[in-house]
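*Asks:* Next up is a structure, given as C-alpha cells.
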Amino acid sequence: MLNVEGLRSRYGRIEVLHGIDLHVDSGEIVTVVGANGAGKTTLLRCLSGIQPVSGGSITFRGEILTEVPAFRRLKRGLAQSPEGRQIFTSLTVEENLRLGAFLYSDERVDRDMEDAFQMFPILREKRNLAAGGLSGGQQQMLAIARALMGRPSCLLLDEPSMGLAPILVQQIFDVVKGLKALSVTVLLVEQNAFGALKIADRGYVMETGQITMEGAAAELIADPRVREAYLGI
Amino acid sequence: MRLSEKHWTLLILIVLVALTPFFFPSSYYFRVGSLIFINGIAVTGIVILTGYAGQISLGHAGFAGIGAYTCALAPVHLGIHPALAVVLGAAISGALAWLVGRPILRLKGYYLAVASLGLGILVSMLLTNEAWLTRGPDGIDVPDPGLRDLFRAMGLGFSATEAWYVFNGFMLIVGAWLALNLYDSPTGRALRALHGSEIAARTVGVDVAGAKLTALVISAVYASVSGSLLALQNKFITPDVSGYMHSIEIVTMAVLGGAGSVLGAIFGAGILTMLPQVLTVFAEYEQILLGLVMMLVMIFMREGLLPSVLRLVRGRGE
C-alpha cells in the first residue's frame, strides 16, 4: 500500500534521513521505533508532505506521492495525526471533527461524527467546548478522531503516547489496535517501543536517520539488541 | 451557541442603525453615523482576514482608494452608472489582491504585512501623482448616484445625509451578515483552522495558501466598497483615502474593538470614528489622548474592547 524507497531529507545542509526503505501493506499496523532524534518525525513529515524530500520516492497505492502537496494527500487516502497533536485549540471539539471532514460535504460526515463519538464518548460530552480545554489524553483522542473523519485508508500516527499518563498510554494503544477492525492501515511512529511493538504486526528500528533493523513485531520484542537498547530490559 | 451569537450581532446592529436616529439632534450626527458604517464595512473585511485567518495587512486603504477612484473616474470615462462603478472597483480590488497575494501567501510569516504596506503606498502614490487622470492631491469630484431619488421613488423623503445614513447602515448589516455566515461555513472553519495551526490545517486537506488568498480577496472587496461609499457620499475624494494612515486606522479599529468578532470590530470603528470628534475640545492633545487610549486597551484588554467588556459583564464564569 505504502512504499518508501531510498528516502532522503535534509534541514538546510544537514541530511537527517539517509535513504529510508520501508513498506506498509494493506491492513497492517507497522511501527517505526527509535530514540529521540533518530528522524522518525521527519520521516512522517515527509510522508505527509510537510517536509521536503531531497531524494528517493514515496509510492502510495501505486501512485508516486513525492511531488503531491500535503493538502492533496488526504484525498488520496493518506491521513496524518501530527506530532504534538496539533488540534485547533480555539475551535470547538465538533468544529475540529468537521474540519477533519473538510474534503466532504455529504451526509456521511454526520455518521462518521457519530462513529467518532461512539469510539470516544468523552468527545460527545465536550462537543461544544473549545478543544484547548481538553486534557492531553482527550486531545490525543480528538486528534485521532479528526484524522479518521478524513476517511483515510492509511493513517500516519506520530507519537500518540507522548506526554500522556501511563493509564492513558495503554488506552491510546488499544484505540490504535482497534483501527484494524475499521480496516484502516496504520503507520505508527513511537518512542515507547514496547507499547508500539506489542500492538504492531511488523516493526522497524530507526537510528540516526537509517533503518537498522526490521522484522515481525514479536521477533523484535524478543531480540536481545532491541531489548537492551529500547525496552530497558 | 454560535448561532445565537450570529443572530445577536445582527439584531444589535439593526436596532442601533434603526433607533439611534431618534436621538440625533442634528444632521451632523447622521453624517458621523454614516462614517461609522463606512469604516465598519472596511473593518469587517479585516475581521475576516485578521480575526478569522490571522493574516495582517497594512495596506487595505489602497483597496479603498481603488474603490473610491473607480467611482470618480469610471462614470466619467466609461459612461457607466456610479452604482456599477462600485462593483467594478470591487472587482479590480479583488483581482489585484489575488495577483499580489498569490505569490506571497505561500510564505509563512509577516510577508503579507510588508507587501500590503508596499501595495498601499504604491496605490496612494499613483493616485497622487497621476494628476492627468486623478487631478492629483487636491482631489476629484464624484458623480451623484441618485440615492435620494431612489428613496423618493420609494416614497421616503430623506435628506441627502439621512439617505446615506440609511443606505450605508443597510450595507454594513449585509456585510456583517455575510461575514457571520462565512464564520460557520467550511471556508470559515478552514480559515480559523489555519490561524490555529497551518500544519494541522494542511493535514486535514485545507489548501492553506488558497484559503488565505480567499480571505485576502474578500477583505479587499470590503475595503473597496467602503472606499466607494465614502467617495459617493462625499461627492468628492482625495488620495488620502488610500493613504498609509488610513490603512493603520482600519487595522487599529479592528484590533481596538476586537478583531475576533464582527460586532467588536464594528464597535471599534464606532469608537475611533467618534473619538476624534469628541476629543476636538482637547485641541492639540487629541492625538496624544488617542494614542493613550490605544495603549491602555492593548495593555489591559488584549482581546479588544468589546470582548473584554462582555467578559467582565458576564462575570468571571468563563
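Note on naming: chains are A, B, ... as they come in the C-alpha cells, residues start from 1 per chain, ligands start from 1 in the order shown.
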Which residues are near Gly136 of chain A? Cut-off 9 Å, only C-alpha atoms, ignore same chain within fewer than 4 positions. Put them as a count of residues only.
*Replies:* 6
*Asks:* Using only C-alpha atoms, which residues sit within 7 Å of Gly19 of chain A once same-chain residues fewer than 6 positions away are excluded, as a list in words?
*Replies:*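 Within the cut-off, the hits are Gly6, Leu7, Arg8 and Gln210 of chain A.
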*Asks:* Take the residues from that selection and write them out as a PDB file, in the first residue's frame, keeping C-alpha atoms.
*Replies:*
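Result file part36.pdb:
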```pdb
ATOM      1  CA  GLY A   6      15.727   5.418  -0.586  1.00  0.00           C
ATOM      2  CA  LEU A   7      14.028   8.394   1.038  1.00  0.00           C
ATOM      3  CA  ARG A   8      16.350  11.269   1.893  1.00  0.00           C
ATOM      4  CA  GLN A 210      18.668   4.981   8.985  1.00  0.00           C
TER       5      GLN A 210
END
```
*Asks:* Report as a tab-separated table: every residue of chain A with an atom at most 10 Å from chain B, its closest pair of atoms, and their distance in Å to one decimal, counting only C-alpha atoms, with rows sorted by chain and ascending residue number.
*Replies:*
```
residue	atom	partner	partner_atom	distance
A:Arg45	CA	B:Ile199	CA	9.9
A:Ser48	CA	B:Thr203	CA	7.3
A:Gly49	CA	B:Thr203	CA	8.8
A:Ile50	CA	B:Ile199	CA	7.2
A:Pro69	CA	B:Asp207	CA	9.0
A:Ala70	CA	B:Arg202	CA	6.1
A:Phe71	CA	B:Gly205	CA	4.1
A:Arg72	CA	B:Gly205	CA	6.1
A:Arg73	CA	B:Gly205	CA	7.4
A:Leu74	CA	B:Gly205	CA	5.8
A:Lys75	CA	B:Gly205	CA	7.2
A:Leu78	CA	B:Thr203	CA	9.2
A:Ala79	CA	B:Thr203	CA	6.7
A:Gln80	CA	B:Thr203	CA	6.0
A:Ser81	CA	B:Thr203	CA	7.6
A:Pro82	CA	B:Ala200	CA	7.0
A:Glu83	CA	B:Ala200	CA	9.6
A:Arg85	CA	B:Ala200	CA	8.5
A:Gln86	CA	B:Ala200	CA	5.7
A:Ile87	CA	B:Ala200	CA	6.9
A:Phe88	CA	B:Gly196	CA	5.6
A:Thr89	CA	B:Gly196	CA	7.0
A:Ser90	CA	B:Gly196	CA	7.2
A:Leu91	CA	B:Ala193	CA	7.7
A:Glu95	CA	B:Arg189	CA	7.3
A:Asn96	CA	B:Ala193	CA	8.3
A:Leu97	CA	B:Val204	CA	9.8
A:Arg98	CA	B:Pro186	CA	8.2
A:Leu99	CA	B:Val204	CA	6.6
A:Gly100	CA	B:Val204	CA	5.2
A:Ala101	CA	B:Val204	CA	7.3
A:Phe102	CA	B:Gly205	CA	6.6
A:Leu103	CA	B:Gly205	CA	6.5
A:Tyr104	CA	B:Pro186	CA	9.7
A:Ser105	CA	B:Pro186	CA	8.9
A:Asn128	CA	B:Met1	CA	8.2
A:Ala143	CA	B:Ala200	CA	9.6
A:Arg146	CA	B:Val204	CA	8.0
A:Ala147	CA	B:Val204	CA	7.0
A:Leu148	CA	B:Val204	CA	9.8
A:Met149	CA	B:Val204	CA	8.9
A:Gly150	CA	B:Val204	CA	6.8
```
*Asks:* Counting only C-alpha atoms, what is within 9 Å of segment 223-234 of chain B, bar same-chain residues fewer than 5 positions away, as JSON, numbers by chain?
*Replies:* {"B": [34, 35, 37, 38, 39, 40, 41, 42, 43, 44, 45, 46, 60, 61, 62, 63, 64, 65, 66, 67, 68, 69, 70, 71, 72, 82, 85, 86, 87, 89, 90, 91, 92, 93, 94, 141, 142, 143, 144, 145, 160, 161, 164, 168, 218, 241, 242]}
*Asks:* Of the candidates A:Ser26, A:Val4, A:Arg111, A:Asp106, which one gets nearest to Ser57 of chain A if we count only C-alpha atoms?
*Replies:*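 Among A:Ser26, A:Val4, A:Arg111, A:Asp106, it is A:Val4 that comes nearest to Ser57 of chain A.
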*Asks:* Measuring between only C-alpha atoms, which one of B:Val17, B:Gly109, B:Ser57, B:Leu306 shows the shortest distance to Glu249 of chain B?
*Replies:*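 Smallest separation from Glu249 of chain B among the options: B:Ser57.
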